[in-house]
Every structure is written in C-alpha cells, then in structure tokens.
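Colleague: Okay, so here is model_29.txt, and as you'll see once you scroll down, it has compact mmCIF, C-alpha atoms.
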```
# COMPACT_ATOMS: atom_id res chain seq x y z
CA MET L 1 0.00 0.00 0.00
CA PRO L 2 2.75 2.55 0.64
CA SER L 3 3.53 2.79 -3.07
CA LEU L 4 -0.14 3.61 -3.79
CA PHE L 5 0.10 6.85 -1.83
CA PHE L 6 3.67 7.71 -2.81
CA PRO L 7 2.75 9.97 -5.77
CA LEU L 8 0.42 12.06 -3.57
CA ARG L 9 2.97 12.38 -0.76
CA ALA L 10 5.71 13.21 -3.24
CA ALA L 11 3.66 15.87 -5.00
CA TYR L 12 2.67 17.45 -1.68
CA ALA L 13 6.28 17.61 -0.48
CA PHE L 14 7.51 18.92 -3.84
CA PHE L 15 5.02 21.79 -4.07
CA LYS L 16 5.27 22.63 -0.38
CA GLU L 17 9.00 23.27 -0.85
CA ALA L 18 8.35 25.14 -4.10
CA TRP L 19 5.78 27.62 -2.88
CA PHE L 20 5.24 28.10 0.84
CA LEU L 21 8.57 29.51 1.92
CA GLY L 22 7.99 33.12 2.90
CA SER L 23 10.79 35.68 2.71
CA PRO L 24 14.40 35.17 3.83
CA SER L 25 15.47 36.59 7.18
CA TRP L 26 19.18 35.84 6.49
CA THR L 27 20.80 37.72 3.61
CA THR L 28 24.26 38.16 2.12
CA GLU L 29 24.73 41.13 4.43
CA ASP L 30 24.90 38.62 7.30
CA ILE L 31 27.92 36.82 5.83
CA PRO L 32 30.94 37.25 8.13
CA ASP L 33 34.30 38.49 6.92
CA LEU L 34 35.97 35.65 4.99
CA THR L 35 39.50 37.02 4.74
CA GLY L 36 42.04 34.21 4.51
CA GLN L 37 39.47 31.53 3.71
CA VAL L 38 39.49 29.49 0.48
CA PHE L 39 36.40 28.30 -1.38
CA ILE L 40 35.58 26.25 -4.47
CA VAL L 41 32.27 26.75 -6.26
CA THR L 42 31.63 24.24 -9.04
CA GLY L 43 29.48 25.57 -11.87
CA GLY L 44 30.33 29.06 -10.69
CA ASN L 45 30.14 30.79 -14.07
CA SER L 46 26.34 31.14 -14.16
CA GLY L 47 23.11 30.95 -12.18
CA LEU L 48 23.19 30.24 -8.47
CA GLY L 49 26.88 29.37 -8.60
CA LYS L 50 27.78 32.76 -10.00
CA GLU L 51 25.73 34.54 -7.34
CA THR L 52 27.47 32.43 -4.70
CA VAL L 53 30.89 33.43 -6.03
CA ARG L 54 29.81 37.08 -6.06
CA ALA L 55 28.72 37.04 -2.41
CA LEU L 56 31.91 35.28 -1.29
CA LEU L 57 34.11 37.79 -3.14
CA GLU L 58 32.19 40.68 -1.58
CA HIS L 59 33.23 39.32 1.82
CA ASN L 60 36.95 38.99 0.98
CA ALA L 61 37.15 35.26 0.27
CA ARG L 62 39.63 33.61 -2.07
CA VAL L 63 37.31 31.84 -4.53
CA TYR L 64 37.99 29.24 -7.21
CA LEU L 65 35.32 29.26 -9.90
CA ALA L 66 35.27 25.73 -11.31
CA SER L 67 33.74 25.23 -14.73
CA ARG L 68 34.12 23.13 -17.87
CA ASP L 69 33.65 26.19 -20.12
CA GLU L 70 36.76 28.35 -19.85
CA LYS L 71 35.46 31.13 -22.08
CA ARG L 72 32.26 31.62 -20.11
CA ALA L 73 34.10 31.23 -16.82
CA LEU L 74 36.66 33.92 -17.64
CA ALA L 75 33.87 36.24 -18.80
CA ALA L 76 32.07 35.68 -15.48
CA ILE L 77 35.30 36.30 -13.55
CA ASP L 78 35.83 39.62 -15.37
CA GLU L 79 32.20 40.64 -14.76
CA LEU L 80 32.42 39.80 -11.06
CA PHE L 81 35.71 41.70 -10.79
CA ASP L 82 34.02 44.79 -12.24
CA GLN L 83 31.23 44.45 -9.67
CA THR L 84 33.21 43.50 -6.56
CA GLY L 85 36.76 44.67 -7.16
CA ARG L 86 37.97 41.15 -6.36
CA LYS L 87 39.01 38.46 -8.83
CA ALA L 88 37.98 34.82 -8.62
CA ARG L 89 40.39 32.16 -9.89
CA PHE L 90 39.47 29.82 -12.73
CA LEU L 91 39.66 26.06 -12.23
CA HIS L 92 38.94 23.92 -15.26
CA LEU L 93 36.59 21.12 -14.21
CA ASP L 94 34.38 18.82 -16.28
CA LEU L 95 32.43 16.65 -13.85
CA ALA L 96 31.58 14.20 -16.63
CA ASP L 97 35.27 13.41 -17.19
CA PHE L 98 37.37 11.59 -14.59
CA THR L 99 40.62 12.87 -16.12
CA SER L 100 39.45 16.47 -15.87
CA ILE L 101 38.31 15.97 -12.27
CA LYS L 102 41.66 14.55 -11.20
CA ALA L 103 43.55 17.31 -13.03
CA ALA L 104 41.42 20.00 -11.37
CA ALA L 105 41.99 18.56 -7.90
CA THR L 106 45.73 18.21 -8.58
CA GLU L 107 45.99 21.81 -9.77
CA PHE L 108 44.10 23.12 -6.77
CA LEU L 109 46.18 21.10 -4.31
CA ARG L 110 49.34 22.42 -5.95
CA LYS L 111 48.22 26.02 -5.48
CA GLU L 112 46.51 25.96 -2.09
CA LYS L 113 47.28 24.66 1.39
CA ARG L 114 43.74 25.01 2.73
CA LEU L 115 40.13 24.57 1.65
CA ASP L 116 37.44 25.91 3.95
CA VAL L 117 34.28 25.20 1.96
CA LEU L 118 33.50 23.16 -1.13
CA PHE L 119 30.24 24.05 -2.87
CA ASN L 120 29.18 21.09 -5.04
CA ASN L 121 26.89 23.41 -6.99
CA ALA L 122 27.26 22.34 -10.63
CA GLY L 123 24.54 20.27 -12.25
CA ILE L 124 22.72 19.53 -15.48
CA MET L 125 19.23 18.28 -16.32
CA THR L 126 19.52 16.97 -19.86
CA THR L 127 22.20 17.12 -22.54
CA PRO L 128 22.33 16.42 -26.30
CA THR L 129 24.88 13.66 -25.62
CA GLU L 130 23.30 11.58 -22.89
CA VAL L 131 26.11 9.06 -22.37
CA THR L 132 29.73 9.84 -21.49
CA PRO L 133 32.57 8.25 -23.50
CA ASN L 134 33.12 5.79 -20.65
CA GLY L 135 29.49 4.67 -20.76
CA TYR L 136 27.84 6.46 -17.84
CA ASP L 137 24.62 8.42 -17.96
CA ARG L 138 25.90 11.96 -18.39
CA VAL L 139 23.47 13.53 -15.91
CA VAL L 140 24.34 11.00 -13.20
CA HIS L 141 28.06 11.43 -13.89
CA THR L 142 27.88 15.23 -13.72
CA ASN L 143 25.52 15.52 -10.75
CA LEU L 144 26.58 12.59 -8.56
CA LEU L 145 29.56 10.49 -9.60
CA GLY L 146 31.75 13.44 -10.61
CA PRO L 147 31.13 15.43 -7.40
CA PHE L 148 31.84 12.30 -5.36
CA TYR L 149 35.23 11.83 -7.01
CA PHE L 150 36.14 15.52 -6.78
CA THR L 151 35.16 15.57 -3.11
CA LYS L 152 37.12 12.38 -2.40
CA LEU L 153 40.29 13.91 -3.85
CA LEU L 154 39.89 17.07 -1.74
CA LEU L 155 38.91 15.41 1.54
CA PRO L 156 42.45 15.19 2.99
CA LEU L 157 42.85 18.96 2.59
CA LEU L 158 39.39 19.63 4.04
CA ILE L 159 40.28 17.52 7.07
CA SER L 160 43.65 19.21 7.61
CA THR L 161 42.06 22.65 7.22
CA SER L 162 39.42 21.81 9.83
CA GLN L 163 42.20 21.00 12.27
CA ALA L 164 43.74 24.42 11.70
CA ARG L 165 40.52 26.41 12.01
CA PRO L 166 39.42 27.90 15.36
CA ASP L 167 35.97 26.31 15.03
CA GLY L 168 37.48 22.95 14.08
CA GLN L 169 35.36 22.44 10.98
CA THR L 170 35.23 22.77 7.21
CA ARG L 171 32.08 22.39 5.13
CA ILE L 172 30.84 20.63 2.01
CA VAL L 173 27.57 21.91 0.56
CA ASN L 174 25.87 19.46 -1.80
CA LEU L 175 23.09 20.86 -3.95
CA THR L 176 20.02 18.72 -4.39
CA SER L 177 16.47 19.59 -5.44
CA SER L 178 12.86 19.16 -4.38
CA VAL L 179 12.52 16.72 -7.30
CA HIS L 180 14.19 14.10 -5.07
CA HIS L 181 10.74 13.69 -3.50
CA LEU L 182 9.60 12.08 -6.76
CA VAL L 183 11.98 9.11 -6.33
CA GLU L 184 11.35 5.95 -4.29
CA SER L 185 14.83 4.40 -4.59
CA LEU L 186 17.91 4.22 -6.80
CA ASN L 187 18.05 2.28 -10.05
CA PHE L 188 21.76 1.50 -10.32
CA ASP L 189 21.23 -0.30 -13.64
CA ALA L 190 20.22 3.01 -15.22
CA PHE L 191 23.47 4.74 -14.20
CA HIS L 192 25.29 3.08 -17.12
CA ASP L 193 24.23 2.93 -20.75
CA GLY L 194 21.94 -0.03 -21.32
CA LEU L 195 18.31 -1.06 -21.59
CA GLU L 196 17.30 0.43 -18.23
CA ARG L 197 18.73 3.83 -19.07
CA ARG L 198 17.55 3.87 -22.67
CA ALA L 199 14.00 3.05 -21.60
CA ARG L 200 13.94 6.36 -19.73
CA ALA L 201 16.02 8.48 -22.12
CA GLY L 202 14.66 11.95 -22.73
CA SER L 203 12.81 12.10 -19.41
CA SER L 204 13.80 13.74 -16.14
CA PHE L 205 14.45 10.30 -14.61
CA SER L 206 18.24 10.64 -14.42
CA TYR L 207 18.03 14.13 -12.94
CA CYS L 208 15.62 13.02 -10.22
CA GLN L 209 17.76 9.96 -9.49
CA SER L 210 20.92 12.06 -9.23
CA LYS L 211 19.34 14.59 -6.86
CA PHE L 212 18.01 11.74 -4.67
CA GLY L 213 21.50 10.24 -4.73
CA ASP L 214 23.08 13.56 -3.76
CA ILE L 215 21.26 13.47 -0.41
CA LEU L 216 22.30 9.87 0.25
CA PHE L 217 25.90 10.80 -0.61
CA SER L 218 25.81 13.91 1.57
CA ASN L 219 24.40 12.00 4.53
CA GLU L 220 26.94 9.19 4.25
CA LEU L 221 29.74 11.72 3.87
CA SER L 222 28.61 13.25 7.15
CA ARG L 223 28.50 9.89 8.91
CA ARG L 224 32.04 9.07 7.79
CA TYR L 225 33.79 12.42 8.25
CA LYS L 226 31.87 14.58 10.73
CA ASP L 227 34.10 13.36 13.56
CA GLN L 228 37.09 14.62 11.57
CA GLY L 229 35.67 18.13 11.35
CA VAL L 230 34.00 17.96 7.92
CA ILE L 231 30.39 19.18 7.87
CA SER L 232 28.38 17.80 4.94
CA THR L 233 24.99 19.31 4.20
CA ALA L 234 22.43 18.64 1.46
CA VAL L 235 20.80 21.85 0.25
CA ASN L 236 17.67 22.45 -1.79
CA PRO L 237 18.24 26.05 -2.93
CA GLY L 238 14.62 26.58 -4.00
CA ASN L 239 12.98 27.08 -7.37
CA PHE L 240 14.51 29.79 -9.52
CA ALA L 241 14.55 30.56 -13.21
CA THR L 242 18.20 29.87 -14.05
CA GLN L 243 19.63 28.45 -17.27
CA LEU L 244 19.17 24.97 -15.78
CA GLN L 245 15.40 25.35 -15.62
CA GLN L 246 14.56 27.26 -18.79
CA PRO L 247 11.49 25.91 -20.65
CA GLN L 248 12.50 23.43 -23.34
CA ALA L 249 9.35 23.95 -25.42
CA ASP L 250 7.78 27.22 -26.55
CA SER L 251 4.14 26.63 -25.62
CA MET L 252 1.64 28.42 -23.39
CA LEU L 253 1.42 25.41 -21.05
CA THR L 254 5.18 25.11 -20.49
CA HIS L 255 5.47 28.82 -19.78
CA VAL L 256 2.55 28.73 -17.34
CA VAL L 257 4.07 25.77 -15.49
CA HIS L 258 7.44 27.51 -15.49
CA TRP L 259 5.89 30.68 -14.08
CA CYS L 260 4.06 28.73 -11.36
CA LEU L 261 7.13 26.79 -10.21
CA PHE L 262 9.92 29.36 -10.46
CA ILE L 263 8.34 32.22 -8.54
CA TYR L 264 11.12 33.63 -6.36
CA PRO L 265 13.51 36.47 -7.23
CA PRO L 266 16.77 35.15 -8.74
CA GLU L 267 18.84 37.16 -6.25
CA TRP L 268 17.50 34.90 -3.47
CA GLY L 269 18.79 31.80 -5.25
CA SER L 270 22.19 31.53 -3.59
CA LEU L 271 21.06 32.36 -0.05
CA THR L 272 20.41 28.84 1.19
CA GLN L 273 23.71 27.36 0.07
CA LEU L 274 25.57 30.42 1.31
CA TRP L 275 23.90 30.03 4.69
CA ALA L 276 24.91 26.37 4.82
CA GLY L 277 28.46 27.24 3.78
CA VAL L 278 29.34 30.23 5.96
CA ALA L 279 26.69 31.06 8.57
CA PRO L 280 27.76 30.29 12.15
CA ASP L 281 24.22 29.00 12.80
CA ALA L 282 24.75 26.28 10.17
CA ALA L 283 27.53 24.60 12.14
CA GLU L 284 25.12 21.89 13.35
CA THR L 285 23.65 20.99 9.96
CA SER L 286 25.89 18.04 9.08
CA GLY L 287 23.80 15.20 7.70
CA LYS L 288 20.78 17.47 7.44
CA TYR L 289 18.58 18.55 4.54
CA VAL L 290 18.40 22.35 4.32
CA ILE L 291 15.64 24.19 2.48
CA PRO L 292 15.08 27.91 1.79
CA TRP L 293 16.01 30.08 3.46
CA GLY L 294 18.32 28.28 5.83
CA ARG L 295 15.79 25.99 7.53
CA ILE L 296 16.07 22.29 8.31
CA GLY L 297 13.65 20.45 6.06
CA GLN L 298 12.19 16.97 5.93
CA PRO L 299 13.60 15.04 2.97
CA ASN L 300 12.07 12.05 1.28
CA GLU L 301 12.20 9.40 4.02
CA ALA L 302 13.90 6.99 1.59
CA THR L 303 17.01 9.22 1.65
CA GLU L 304 17.41 8.32 5.34
CA ASP L 305 17.95 4.66 4.47
CA VAL L 306 21.47 4.06 5.80
CA GLU L 307 21.77 0.70 4.03
CA LEU L 308 20.97 2.30 0.68
CA ALA L 309 23.43 5.15 1.36
CA VAL L 310 26.20 2.64 2.10
CA LYS L 311 25.31 0.72 -1.06
CA LEU L 312 25.59 3.92 -3.10
CA TRP L 313 28.89 4.85 -1.42
CA ILE L 314 30.34 1.43 -2.27
CA TRP L 315 29.13 1.77 -5.86
CA LEU L 316 30.72 5.22 -6.17
CA GLU L 317 33.98 3.99 -4.68
CA ASP L 318 34.04 1.06 -7.12
CA GLN L 319 33.74 3.42 -10.10
CA VAL L 320 36.84 5.41 -9.16
CA LYS L 321 39.03 2.88 -7.35
CA ASP L 322 41.37 2.28 -10.31
CA LEU L 323 41.76 5.91 -11.39
```
Before anything else, please render the file you have as structure tokens.

Modeller:
Amino acid sequence: MPSLFFPLRAAYAFFKEAWFLGSPSWTTEDIPDLTGQVFIVTGGNSGLGKETVRALLEHNARVYLASRDEKRALAAIDELFDQTGRKARFLHLDLADFTSIKAAATEFLRKEKRLDVLFNNAGIMTTPTEVTPNGYDRVVHTNLLGPFYFTKLLLPLLISTSQARPDGQTRIVNLTSSVHHLVESLNFDAFHDGLERRARAGSSFSYCQSKFGDILFSNELSRRYKDQGVISTAVNPGNFATQLQQPQADSMLTHVVHWCLFIYPPEWGSLTQLWAGVAPDAAETSGKYVIPWGRIGQPNEATEDVELAVKLWIWLEDQVKDL
C-alpha cells in the first residue's frame, strides 16, 4: 500500500517546498568576513553558482570558480571583478570526465594549502549527448559520480584545514532539489548505458535519481567524516529561473508551469547554500537537509535509508578505485 500513496505524498512535499517559503530573514549582508578563507564553487560561471561566487568575493574570500567552459568562466570572472573589485580564480573542471576531475583537484592542491568550503553546486538536467565516453549516464556522472570523485580527492585537505581552524570544521555543501521527493529508490542499472537507461532516455528520470543520490551521498559523507571536522549538508536552494530550468518547449502550457514553479527572485537563489556554507548558525547541519532560506527540512524518508546510502557509497567507490 505505501507505493499507492507515494505519488500524492511526493507531489505534496515537492510543491510545499516550491511555494510556501515566505521571505528570507538571512541575507548576504549577514555573511561574516571571509578574509584568509578558500572556497571552491563548481558551476560558478552562471546561475546560483555565479551569485554564490559574487557574495563570497564581496566578503573577501579567495574563490575558485570551477567550470568546464573556460570562455564563459573567464567572462564571469571579469564581470564579477568589475562588480566586486575582487578576482575569482578559474579552475577547469568537467564533472563528466574523470581525467578532468583529477587534473582539477591536482591543480588546486598544488596552489593551495587550505580549503574551507567546497560548494558542489554544478549540475545539469539533460544534454544532447546523454552518455559519457566511458558509458555512464551523463546527468548521473555530472551531478553525482563526478562530485563524489572531486570531493574524495579534496577530503584530505578539508580535514587538515578543519584541524587548523578555530571552530574545528570545514564544510561541504551538496546541492540537491525538491525533485528528489519524486523518487522511491535508486536504479543502479540506469546509471550506465543499457536497456534500463535507454528506456527512460529523454525524461527527467536521471536528474531526479541524481538529486536523490546527492542526499544519500551527503548523509553518508557526514557519517564518515563529521568526527574529523568535515560538515556535509544537502541543500535544496529553491525554485529559480536559471539556465538549468529554462522551458524546453515554446508553448503556453510550459510557460505557465514555469511561471508557477519558479516564482522567487533570482537574487534569493544563492542564499540557502551560502547560509549552509558560511553562517555560524549552520555549524550543526551536518547530515541534514536544508531548504530555503536556511531551515532544516524533511527530505524524502527513503534518503534516510542508511543501508541504501552505504550501497551507493560502495558503488561510487568502485567506479573510481582504479583511477
């Protein structure tokens, strides 16, 4: 019987997080001075990532803007410099390419001796090429597998930085989405190219799966590394009209749905992940699910399945163990 009511519960949770949020009481003006601290924001050249980079620069942080598109990234860096007087640093990173991920981590570790906060912000919904050259679903690779590998490579530095900080902690902010409520479990067979994945090609299935997986990953990361000073938080930033969510069809219905879902001002988009990353009040959010605007939310109860989280962690480890 539980599966009979799942669609209704999922729809209620999804729309509750989309609409009934009120106005933020915490803003970028509440960000403390970040002088001397080092941040990475993946997907920082546009949308919520770009706004996150902007706010961090305005508070004197050293920020690495990680992106697979160097031209767009450098243009964003120049624009943000004009607006803030501070220059972000470009880090080439393609989360759908293991070689690029390893090279990005290696470059960062060569340049920096600390990392205070990692924002796993980058994500895609659909792409023209749906399978990576090594046979993974491109959305799953970009949104889940790639961030796992990048995080894994940076964990030793995050741990050592936490030991040097007065508060004894560093943070990892993992972006998810309210669409995770639409998932009952993980379909590992659809993560690679094959019949399971092809049967769902062209739908939002992979995106929903990846965002569900991001919470499992974030929770398991917290269980494994919280005692070493690494705070891992899953964040639903809210519904905003960024490039990720632009209507794919030019019809009255799609534009009405888009207007109904993405109702909040774009400038509010980065607030929740910024709160999770830098607010003193967010120090106790490890293993939690944070919703706008810096509140502890109730995720899909299936994301609290420890056995499933461990299974996902083992699967992720197996994919990168020989790299």

Colleague: Rank nothing, just name the residue among L:Ala104, L:Leu115, L:Ala190, L:Leu80 nearest to Gly135 (chain L), using only C-alpha atoms.

Modeller: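 Going through L:Ala104, L:Leu115, L:Ala190, L:Leu80 one by one, the smallest distance to Gly135 (chain L) is for L:Ala190.
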
Colleague: Which region 132-200 of chain L residues have any atom within 9 Å of an atom of region 299-311 of chain L, and for each, what is the nearest pair of atoms with distance in Å to one decimal, counting all atoms listed in the file, rows sorted by chain and number, as a Markdown table?

Modeller:
```
| residue | atom | partner | partner_atom | distance |
| --- | --- | --- | --- | --- |
| L:Ser178 | CA | L:Pro299 | CA | 8.5 |
| L:His180 | CA | L:Asn300 | CA | 7.0 |
| L:His181 | CA | L:Asn300 | CA | 5.2 |
| L:Leu182 | CA | L:Asn300 | CA | 8.4 |
| L:Val183 | CA | L:Asn300 | CA | 8.2 |
| L:Glu184 | CA | L:Ala302 | CA | 6.5 |
| L:Ser185 | CA | L:Ala302 | CA | 6.8 |
| L:Leu186 | CA | L:Leu308 | CA | 8.3 |
```

Colleague: If I wrap all listed atoms of region 76-94 of chain L in a box with edges along x, y and z and add 3 Å on each side, what are its centre and edge lengths in Å to one decimal, as JSON?

Modeller:
```
{"center_x": 35.8, "center_y": 31.8, "center_z": -11.3, "size_x": 15.2, "size_y": 32.0, "size_z": 15.9}
```

Colleague: For Leu216 (chain L), which residue among L:Gly36, L:Gly287, L:Gly229, L:Gly49 is the nearest when counting only C-alpha atoms?

Modeller: L:Gly287

Colleague: So, with all atoms listed in the file as the atoms that count, which of L:Asp69, L:Asp30, L:Glu58, L:Asp214 lies closest to Asp281 (chain L)?

Modeller: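 With all atoms listed in the file as the atom set, the closest residue is L:Asp30.
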